[in-house]
>>> print(open('protein-v6.csv').read())   # CSV, C-alpha atoms and all ligand atoms
chain,number,residue,atom,x,y,z
A,72,MET,CA,-0.5,-1.5,-0.2
A,73,LYS,CA,-3.3,-3.1,1.9
A,74,VAL,CA,-3.4,-2.1,5.6
A,75,GLY,CA,-5.5,-3.5,8.4
A,76,ILE,CA,-6.1,-1.4,11.4
A,77,ILE,CA,-7.2,-3.0,14.6
A,78,GLY,CA,-9.0,-0.4,16.7
A,79,ALA,CA,-11.1,2.2,14.9
A,80,GLY,CA,-10.7,4.7,17.8
A,81,GLN,CA,-9.1,8.1,17.5
A,82,VAL,CA,-5.6,6.8,16.6
A,83,GLY,CA,-6.9,4.1,14.2
A,84,SER,CA,-9.3,6.3,12.3
A,85,ALA,CA,-6.9,9.3,12.1
A,86,THR,CA,-4.3,6.8,10.7
A,87,ALA,CA,-6.8,5.4,8.1
A,88,PHE,CA,-7.6,9.0,7.1
A,89,ALA,CA,-3.9,9.9,6.8
A,90,LEU,CA,-3.1,6.7,4.8
A,91,ILE,CA,-5.8,7.5,2.3
A,92,LEU,CA,-5.1,11.2,2.0
A,93,ARG,CA,-1.4,10.6,1.4
A,94,GLY,CA,-2.1,7.8,-1.1
A,95,VAL,CA,0.1,5.4,0.9
A,96,ALA,CA,-2.6,2.6,1.1
A,97,ARG,CA,-4.9,1.5,-1.7
A,98,GLU,CA,-7.0,-0.5,0.7
A,99,VAL,CA,-7.7,0.0,4.4
A,100,VAL,CA,-9.7,-2.4,6.6
A,101,LEU,CA,-10.8,-1.1,10.0
A,102,ILE,CA,-11.6,-3.7,12.7
A,103,ASP,CA,-13.0,-2.8,16.1
A,104,SER,CA,-14.9,-4.7,18.8
A,105,ASN,CA,-17.4,-1.9,18.4
A,106,GLU,CA,-18.5,-2.8,14.9
A,107,LYS,CA,-20.8,0.2,14.5
A,108,LYS,CA,-18.0,2.6,15.3
A,109,ALA,CA,-15.7,0.9,12.7
A,110,GLU,CA,-18.4,1.1,10.1
A,111,ALA,CA,-19.2,4.7,10.8
A,112,GLU,CA,-15.5,5.7,10.6
A,113,ALA,CA,-14.9,3.7,7.4
A,114,LEU,CA,-17.9,5.3,5.8
A,115,ASP,CA,-16.9,8.8,6.8
A,116,ILE,CA,-13.3,8.3,5.6
A,117,SER,CA,-14.5,6.7,2.4
A,118,HIS,CA,-16.2,10.0,1.5
A,119,ALA,CA,-12.8,11.7,1.4
A,120,THR,CA,-11.4,9.3,-1.2
A,121,THR,CA,-12.9,11.3,-4.0
A,122,PHE,CA,-10.6,14.1,-3.0
A,123,ALA,CA,-7.6,11.9,-2.4
A,124,TYR,CA,-6.3,8.8,-4.3
A,125,ALA,CA,-8.3,5.9,-5.7
A,126,SER,CA,-8.6,3.8,-2.6
A,127,LYS,CA,-11.0,1.7,-0.6
A,128,VAL,CA,-11.7,2.0,3.1
A,129,ARG,CA,-14.1,-0.4,4.8
A,130,ALA,CA,-14.9,-1.9,8.1
A,131,GLY,CA,-14.4,-5.7,8.3
A,132,SER,CA,-13.6,-8.7,10.4
A,133,TYR,CA,-10.3,-10.5,10.8
A,134,HIS,CA,-11.0,-12.6,7.7
A,135,ASP,CA,-10.8,-9.4,5.7
A,136,LEU,CA,-7.1,-9.1,6.6
A,137,ASP,CA,-6.1,-11.7,4.0
A,138,ASN,CA,-3.1,-10.5,2.0
A,139,ALA,CA,-2.7,-7.4,4.2
A,140,ASP,CA,0.9,-6.0,3.9
A,141,VAL,CA,0.7,-4.3,7.2
A,142,VAL,CA,-1.6,-4.7,10.2
A,143,ILE,CA,-1.5,-1.8,12.7
A,144,ILE,CA,-2.7,-2.4,16.3
A,145,THR,CA,-4.2,0.7,17.9
A,146,ALA,CA,-6.8,-1.1,19.9
A,147,GLY,CA,-7.0,-0.6,23.7
A,148,ALA,CA,-7.3,1.9,26.4
A,149,ASN,CA,-5.6,5.3,26.1
A,150,GLN,CA,-4.1,7.4,28.9
A,151,ARG,CA,-6.5,9.2,31.2
A,152,PRO,CA,-5.2,12.5,32.6
A,153,GLY,CA,-2.3,11.9,34.9
A,154,GLU,CA,-1.9,8.3,33.8
A,155,THR,CA,1.5,7.1,32.4
A,156,ARG,CA,1.7,4.9,29.4
A,157,ILE,CA,2.9,2.0,31.5
A,158,ASP,CA,-0.2,2.2,33.6
A,159,LEU,CA,-2.1,0.9,30.6
A,160,MET,CA,-0.2,-2.3,30.3
A,161,GLU,CA,-2.6,-4.6,32.2
A,162,ARG,CA,-5.7,-3.4,30.4
A,163,ASN,CA,-4.1,-3.6,26.9
A,164,ALA,CA,-2.2,-6.9,27.4
A,165,ALA,CA,-5.4,-8.8,27.9
A,166,ILE,CA,-6.9,-7.7,24.6
A,167,PHE,CA,-3.7,-8.3,22.7
A,168,LYS,CA,-3.8,-12.0,23.2
A,169,SER,CA,-6.9,-12.5,21.1
A,170,ILE,CA,-6.0,-9.7,18.6
A,171,VAL,CA,-2.5,-11.0,17.8
A,172,ARG,CA,-3.7,-14.6,17.4
A,173,GLN,CA,-6.3,-13.6,14.9
A,174,ILE,CA,-3.9,-11.4,12.9
A,175,VAL,CA,-1.4,-14.2,12.5
A,176,GLU,CA,-4.2,-16.7,11.5
A,177,ASN,CA,-5.6,-14.4,8.9
A,178,ALA,CA,-2.6,-12.4,7.6
A,179,PRO,CA,0.4,-14.7,8.2
A,180,ASN,CA,2.6,-12.7,5.9
A,181,ALA,CA,1.8,-9.2,7.2
A,182,ILE,CA,4.1,-6.9,9.1
A,183,ILE,CA,2.6,-6.1,12.5
A,184,LEU,CA,3.0,-2.5,13.6
A,185,VAL,CA,2.1,-1.8,17.2
A,186,ALA,CA,0.9,1.7,18.3
A,187,SER,CA,-1.1,0.9,21.5
A,188,ASN,CA,0.6,1.9,24.7
A,189,PRO,CA,2.9,1.1,26.5
A,190,VAL,CA,4.2,0.6,23.0
A,191,ASP,CA,7.6,-0.9,23.8
A,192,ILE,CA,6.3,-3.5,26.1
A,193,LEU,CA,3.4,-4.4,23.9
A,194,THR,CA,5.7,-4.7,20.9
A,195,GLU,CA,7.8,-7.3,22.9
A,196,TYR,CA,4.5,-9.0,23.9
A,197,THR,CA,3.3,-9.1,20.3
A,198,LEU,CA,6.6,-10.5,19.2
A,199,LYS,CA,6.2,-13.4,21.7
A,200,LEU,CA,2.5,-14.0,21.0
A,201,SER,CA,2.9,-13.9,17.2
A,202,GLY,CA,6.0,-16.1,16.9
A,203,LEU,CA,6.9,-14.0,13.9
A,204,PRO,CA,10.5,-13.1,13.0
A,205,LYS,CA,11.6,-9.9,14.7
A,206,ASN,CA,11.9,-7.9,11.5
A,207,ARG,CA,8.2,-8.2,11.0
A,208,VAL,CA,7.0,-7.0,14.4
A,209,PHE,CA,7.8,-3.5,15.6
A,210,GLY,CA,6.3,-0.5,17.3
A,211,SER,CA,5.9,3.1,16.4
A,212,GLY,CA,8.2,3.8,19.4
A,213,THR,CA,9.7,7.3,19.4
A,214,ILE,CA,8.8,8.2,15.9
A,215,LEU,CA,6.4,10.7,17.3
A,216,ASP,CA,8.8,12.0,19.9
A,217,THR,CA,11.5,12.5,17.3
A,218,SER,CA,9.0,14.5,15.2
A,219,ARG,CA,8.1,16.6,18.3
A,220,PHE,CA,11.9,17.2,18.9
A,221,ARG,CA,12.5,18.2,15.2
A,222,THR,CA,9.5,20.5,15.2
A,223,LEU,CA,10.6,22.4,18.3
A,224,LEU,CA,14.2,22.6,17.1
A,225,GLY,CA,13.0,23.9,13.7
A,226,GLU,CA,10.8,26.5,15.4
A,227,HIS,CA,13.8,27.6,17.6
A,228,LEU,CA,16.3,27.7,14.7
A,229,GLY,CA,13.8,29.2,12.2
A,230,ILE,CA,14.4,26.3,9.7
A,231,SER,CA,12.2,23.5,8.4
A,232,SER,CA,11.9,20.6,10.8
A,233,LYS,CA,12.4,18.4,7.7
A,234,SER,CA,16.0,19.7,7.4
A,235,ILE,CA,16.9,18.6,10.9
A,236,HIS,CA,18.3,15.2,11.8
A,237,ALA,CA,17.9,14.8,15.5
A,238,ASN,CA,16.4,11.8,17.3
A,239,VAL,CA,14.7,10.7,20.5
A,240,LEU,CA,15.6,7.1,21.5
A,241,GLY,CA,14.7,4.6,24.2
A,242,GLU,CA,11.3,4.2,25.7
A,243,HIS,CA,8.3,6.0,24.2
A,244,GLY,CA,7.6,7.4,27.6
A,245,ASP,CA,8.9,9.3,30.5
A,246,SER,CA,12.5,7.9,30.3
A,247,GLU,CA,13.0,8.7,26.6
A,248,VAL,CA,16.3,10.2,25.6
A,249,LEU,CA,16.7,13.3,23.5
A,250,ILE,CA,20.0,13.0,21.7
A,251,TRP,CA,21.5,16.5,21.8
A,252,SER,CA,25.1,15.4,21.1
A,253,ASN,CA,24.5,14.3,17.5
A,254,GLY,CA,21.7,16.4,15.8
A,255,ASP,CA,22.6,18.2,12.6
A,256,ALA,CA,21.2,20.4,9.9
A,257,GLY,CA,22.8,21.7,6.7
A,258,THR,CA,26.0,19.8,7.5
A,259,LEU,CA,26.4,21.6,10.9
A,260,PRO,CA,25.8,20.2,14.4
A,261,ILE,CA,22.6,21.9,15.6
A,262,ALA,CA,24.5,23.6,18.4
A,263,THR,CA,26.9,25.2,15.9
A,264,LEU,CA,24.0,26.1,13.6
A,265,GLY,CA,22.2,27.8,16.5
A,266,VAL,CA,25.2,30.0,17.1
A,267,ASP,CA,25.6,30.8,13.4
A,268,LEU,CA,21.9,31.7,13.1
A,269,ASN,CA,22.1,33.8,16.3
A,270,ARG,CA,19.6,31.5,18.0
A,271,PRO,CA,21.9,29.6,20.4
A,272,ILE,CA,20.7,26.4,22.0
A,273,THR,CA,21.2,27.5,25.6
A,274,PRO,CA,20.6,25.3,28.6
A,275,GLU,CA,17.2,27.1,29.0
A,276,VAL,CA,16.3,26.3,25.4
A,277,LYS,CA,17.3,22.7,25.9
A,278,ALA,CA,15.3,22.4,29.1
A,279,ARG,CA,12.2,23.9,27.4
A,280,ILE,CA,12.4,21.7,24.4
A,281,ASP,CA,13.0,18.6,26.6
A,282,ASP,CA,10.0,19.4,28.7
A,283,ASN,CA,7.8,20.0,25.6
A,284,VAL,CA,8.9,16.8,23.9
A,285,ARG,CA,8.7,14.6,27.0
A,286,ASN,CA,5.4,16.0,28.4
A,287,ALA,CA,3.7,16.7,25.1
A,288,ALA,CA,1.2,13.9,25.4
A,289,TYR,CA,0.2,14.9,29.0
A,290,LYS,CA,-0.4,18.5,27.8
A,291,ILE,CA,-2.5,17.4,24.8
A,292,ILE,CA,-4.5,14.9,26.8
A,293,ASP,CA,-5.2,17.6,29.4
A,294,GLY,CA,-6.6,19.8,26.6
A,295,LYS,CA,-8.5,17.4,24.4
A,296,GLY,CA,-8.5,14.0,26.0
A,297,ALA,CA,-6.2,12.1,23.6
A,298,THR,CA,-3.4,12.5,21.0
A,299,PHE,CA,-3.9,11.1,17.6
A,300,TYR,CA,-2.9,13.3,14.6
A,301,GLY,CA,0.9,13.2,15.3
A,302,ILE,CA,0.9,9.4,15.7
A,303,ALA,CA,-1.3,9.0,12.6
A,304,GLY,CA,1.3,10.9,10.7
A,305,GLY,CA,4.1,8.8,12.1
A,306,LEU,CA,2.3,5.5,11.4
A,307,THR,CA,1.6,6.6,7.8
A,308,ARG,CA,5.3,7.6,7.4
A,309,ILE,CA,6.3,4.0,8.5
A,310,CYS,CA,3.8,2.4,6.1
A,311,GLN,CA,5.2,4.6,3.3
A,312,ALA,CA,8.7,3.4,4.0
A,313,ILE,CA,7.4,-0.2,3.8
A,314,ALA,CA,5.3,0.4,0.7
A,315,THR,CA,8.1,2.0,-1.3
A,316,ASN,CA,10.9,-0.2,0.0
A,317,GLU,CA,12.5,3.0,1.0
A,318,ASN,CA,15.3,2.1,3.4
A,319,ALA,CA,14.3,5.1,5.4
A,320,ILE,CA,15.9,5.6,8.8
A,321,LEU,CA,13.2,6.0,11.4
A,322,THR,CA,13.1,5.7,15.2
A,323,VAL,CA,10.9,2.7,15.8
A,324,SER,CA,10.7,0.2,18.7
A,325,SER,CA,12.1,-3.2,18.0
A,326,PHE,CA,13.7,-6.2,19.8
A,327,HIS,CA,17.4,-5.8,20.7
A,328,GLU,CA,19.6,-8.4,22.2
A,329,ASP,CA,21.7,-5.8,24.0
A,330,VAL,CA,21.2,-2.2,24.6
A,331,GLU,CA,23.8,-0.7,26.9
A,332,GLY,CA,24.3,-4.0,28.6
A,333,ILE,CA,20.5,-4.6,29.1
A,334,LYS,CA,19.6,-7.8,27.3
A,335,ASN,CA,16.6,-8.7,25.2
A,336,ILE,CA,14.5,-5.6,25.2
A,337,CYS,CA,12.2,-3.6,22.9
A,338,LEU,CA,12.9,0.1,22.5
A,339,SER,CA,13.6,2.7,19.9
A,340,LEU,CA,16.9,3.1,18.0
A,341,PRO,CA,17.5,4.5,14.5
A,342,THR,CA,16.3,1.7,12.2
A,343,ILE,CA,16.3,1.1,8.4
A,344,ILE,CA,12.8,0.3,7.3
A,345,ASN,CA,11.9,-1.2,3.9
A,346,LYS,CA,9.5,-3.8,2.4
A,347,ASN,CA,10.8,-6.4,4.8
A,348,GLY,CA,10.0,-4.3,7.8
A,349,ILE,CA,13.2,-3.9,9.8
A,350,GLU,CA,16.2,-4.2,7.6
A,351,LYS,CA,18.8,-3.1,10.1
A,352,VAL,CA,19.2,-1.2,13.4
A,353,ILE,CA,21.9,1.4,13.5
A,354,TYR,CA,23.5,1.7,16.9
A,355,PRO,CA,23.8,5.5,17.7
A,356,ARG,CA,26.9,7.4,18.6
A,357,LEU,CA,26.2,9.0,22.0
A,358,SER,CA,27.8,11.1,24.7
A,359,ASP,CA,28.6,9.5,28.0
A,360,GLU,CA,25.5,11.1,29.6
A,361,GLU,CA,23.3,9.8,26.8
A,362,HIS,CA,24.8,6.3,27.1
A,363,ALA,CA,23.8,6.3,30.8
A,364,LEU,CA,20.3,7.7,30.1
A,365,LEU,CA,19.7,5.1,27.4
A,366,ARG,CA,20.8,2.4,29.8
A,367,ALA,CA,18.4,3.7,32.4
A,368,SER,CA,15.6,3.8,29.9
A,369,ALA,CA,16.3,0.2,28.9
A,370,GLN,CA,16.6,-0.9,32.5
A,371,LYS,CA,13.2,0.7,33.3
A,372,LEU,CA,11.5,-1.3,30.6
A,373,LYS,CA,13.3,-4.4,31.6
A,374,ASP,CA,12.3,-4.0,35.2
A,375,TYR,CA,8.7,-3.7,34.1
A,376,VAL,CA,8.8,-6.7,31.8
A,377,GLN,CA,10.3,-8.8,34.6
A,378,MET,CA,7.7,-7.8,37.2
A,379,PRO,CA,5.8,-10.9,38.4
B,1,LIG,P1,-9.7,5.0,21.6
B,1,LIG,O1,-10.4,4.6,22.9
B,1,LIG,O2,-10.2,6.2,20.8
B,1,LIG,O3,-9.7,3.7,20.6
B,1,LIG,C1,-9.4,2.4,21.0
B,1,LIG,C2,-10.4,1.5,20.2
B,1,LIG,O4,-10.0,0.2,20.4
B,1,LIG,C3,-11.9,1.7,20.5
B,1,LIG,O5,-12.6,2.0,19.4
B,1,LIG,C4,-12.2,0.3,21.1
B,1,LIG,O6,-13.6,-0.1,20.8
B,1,LIG,C5,-11.2,-0.6,20.4
B,1,LIG,N1,-11.0,-1.9,21.0
B,1,LIG,C6,-10.9,-2.1,22.4
B,1,LIG,N2,-10.7,-3.5,22.5
B,1,LIG,C7,-10.7,-4.0,21.3
B,1,LIG,C8,-10.5,-5.3,20.8
B,1,LIG,N3,-10.3,-6.4,21.7
B,1,LIG,N4,-10.5,-5.6,19.5
B,1,LIG,C9,-10.7,-4.5,18.6
B,1,LIG,N5,-10.9,-3.3,19.0
B,1,LIG,C10,-10.8,-3.0,20.4
B,1,LIG,O7,-8.1,5.2,21.9
B,1,LIG,P2,-7.1,5.9,21.0
B,1,LIG,O8,-7.0,7.3,21.5
B,1,LIG,O9,-7.3,5.6,19.6
B,1,LIG,O10,-5.7,5.2,21.5
B,1,LIG,C11,-5.5,3.9,21.2
B,1,LIG,C12,-4.1,3.5,21.7
B,1,LIG,O11,-3.1,4.2,21.1
B,1,LIG,C13,-3.9,3.7,23.2
B,1,LIG,O12,-3.2,2.7,23.8
B,1,LIG,C14,-3.0,5.0,23.2
B,1,LIG,O13,-2.3,5.1,24.4
B,1,LIG,C15,-2.2,4.7,22.0
B,1,LIG,N6,-1.4,5.9,21.5
B,1,LIG,C16,-0.2,5.6,21.1
B,1,LIG,C17,0.6,6.6,20.6
B,1,LIG,C18,2.0,6.3,20.2
B,1,LIG,O14,2.8,7.3,19.9
B,1,LIG,N7,2.4,5.1,20.1
B,1,LIG,C19,0.1,7.9,20.5
B,1,LIG,C20,-1.3,8.1,20.9
B,1,LIG,C21,-2.0,7.1,21.4
>>> encode(input="protein-v6.csv", output="structure tokens")
Amino acid sequence: MKVGIIGAGQVGSATAFALILRGVAREVVLIDSNEKKAEAEALDISHATTFAYASKVRAGSYHDLDNADVVIITAGANQRPGETRIDLMERNAAIFKSIVRQIVENAPNAIILVASNPVDILTEYTLKLSGLPKNRVFGSGTILDTSRFRTLLGEHLGISSKSIHANVLGEHGDSEVLIWSNGDAGTLPIATLGVDLNRPITPEVKARIDDNVRNAAYKIIDGKGATFYGIAGGLTRICQAIATNENAILTVSSFHEDVEGIKNICLSLPTIINKNGIEKVIYPRLSDEEHALLRASAQKLKDYVQMP
């Protein structure tokens, strides 16, 4: 698979590195307004290809996106300490106008995968700017939050996070919704498994996990200025599902006509991903409280999008 990455910053270069090391991409083109940075990152990553799979990484221009299967947008400002993802909107929307136009001109058949924040709003914006069908424009959404949730549940239960099916839905941001009512592992609901393993999921455990999922980015940014390895893993996982036509169910952000009564909004729901991009969205089974929280998350995004 050929992948273009717009933005060779921390997220873009970590993603290129992960794509190469995992053998998901055979060719990666890094594009950045700072050409020197893109060239340096591509050169550095290319020196790892000897230890990975036969693949090519290079810096390029938009013309080099020809025949790209996927173009990932990671360009733009990232959160400063204390800033929310939504605070980034104005700065990032301005640069998306020119980026999306050039992607569509040079790679008209590519799937566009948005990672820049606020990812849900920028996904909707990219869909509008690109004019592409909605199966071919989506965002990384809560794939990272879902991974954080599974990791913490796995640590608490003492089992592999890969054996846990539990999801975070809604906004990739402060209003995201951890779905406690429907997680399972080894055929058992996670709450039942917790009791069986003598590691019950008490209200205190839930509150601690919720805080660590919801506020993970703030904590990481406070410590090292940015988050990038987790999202690089998530973006690589999405590309793998596309490259192998996998029909994997992942929580990504896409356009929905109706979420809990809120119309025409991008946010994350469980989604089947294959070579076409989005094959189908699976509407989740939720508790009454989770329905209300998902509605509030959708409303928050809608209010923002409708702001003058
Ligand atoms: P960064 O500052 O390290 O990199 C951004 C890069 O974009 C820079 O190299 C910059 O030169 C480049 N750039 C700016 N304008 C451009 C343009 N018009 N064309 C091409 N390149 C341009 O930032 P980062 O840490 O890599 O974060 C990038 C984005 O990813 C941020 O919006 C951040 O919030 C987001 N992010 C998303 C997730 C997620 O889960 N979706 C996780 C982490 C970070």
>>> atom_distance(input="protein-v6.csv", atom1="CA of Arg172 in chain A", atom2="CA of Leu198 in chain A")
11.2 Å
>>> residues_near_ligand(input="protein-v6.csv", ligand="ligand LIG 1 (chain B)", cutoff="8 Å", atoms="all atoms listed in the file", output="JSON, numbers by chain")
{"A": [77, 78, 79, 80, 81, 82, 83, 84, 102, 103, 104, 105, 108, 109, 145, 146, 147, 148, 149, 150, 156, 159, 163, 166, 167, 169, 170, 185, 186, 187, 188, 189, 190, 210, 211, 212, 213, 214, 215, 216, 243, 288, 297, 298, 299, 301, 302]}
>>> closest_residue(input="protein-v6.csv", among="A:Glu176, A:Asp135, A:Glu195, A:Glu350", to="Met160 in chain A", atoms="all atoms listed in the file")
A:Glu195
>>> closest_residue(input="protein-v6.csv", among="A:Ile344, A:Leu338, A:Leu268, A:Val142", to="Asn177 in chain A", atoms="all atoms listed in the file")
A:Val142
>>> closest_residue(input="protein-v6.csv", among="A:Ile261, A:Leu193, A:Ala139, A:Ala237", to="Phe326 in chain A", atoms="all atoms listed in the file")
A:Leu193
>>> atom_distance(input="protein-v6.csv", atom1="CA of Met72 in chain A", atom2="CA of Ala130 in chain A")
16.6 Å
>>> closest_residue(input="protein-v6.csv", among="A:Tyr133, A:Lys351, A:Tyr196, A:Val95", to="Ala312 in chain A", atoms="only C-alpha atoms")
A:Val95
>>> residues_around(input="protein-v6.csv", residues="Asn180 in chain A", least_positions_apart="5", cutoff="8 Å", atoms="all atoms listed in the file", output="PDB file with C-alpha atoms, keeping the file's coordinate frame")
ATOM      1  CA  ASN A 138      -3.100 -10.500   2.000  1.00  0.00           C
ATOM      2  CA  ALA A 139      -2.700  -7.400   4.200  1.00  0.00           C
ATOM      3  CA  ASP A 140       0.900  -6.000   3.900  1.00  0.00           C
ATOM      4  CA  VAL A 175      -1.400 -14.200  12.500  1.00  0.00           C
TER       5      VAL A 175
END
>>> atom_distance(input="protein-v6.csv", atom1="CA of Arg356 in chain A", atom2="CA of Ser252 in chain A")
8.6 Å
>>> closest_residue(input="protein-v6.csv", among="A:Arg162, A:Lys199, A:Arg151, A:Lys373", to="Tyr289 in chain A", atoms="only C-alpha atoms")
A:Arg151
>>> closest_residue(input="protein-v6.csv", among="A:Leu203, A:Ala111, A:Ile76, A:Ala262", to="Ala96 in chain A", atoms="all atoms listed in the file")
A:Ile76
>>> residues_around(input="protein-v6.csv", residues="Asn283 in chain A", least_positions_apart="6", cutoff="12 Å", atoms="all atoms listed in the file", output="count of residues only")
16
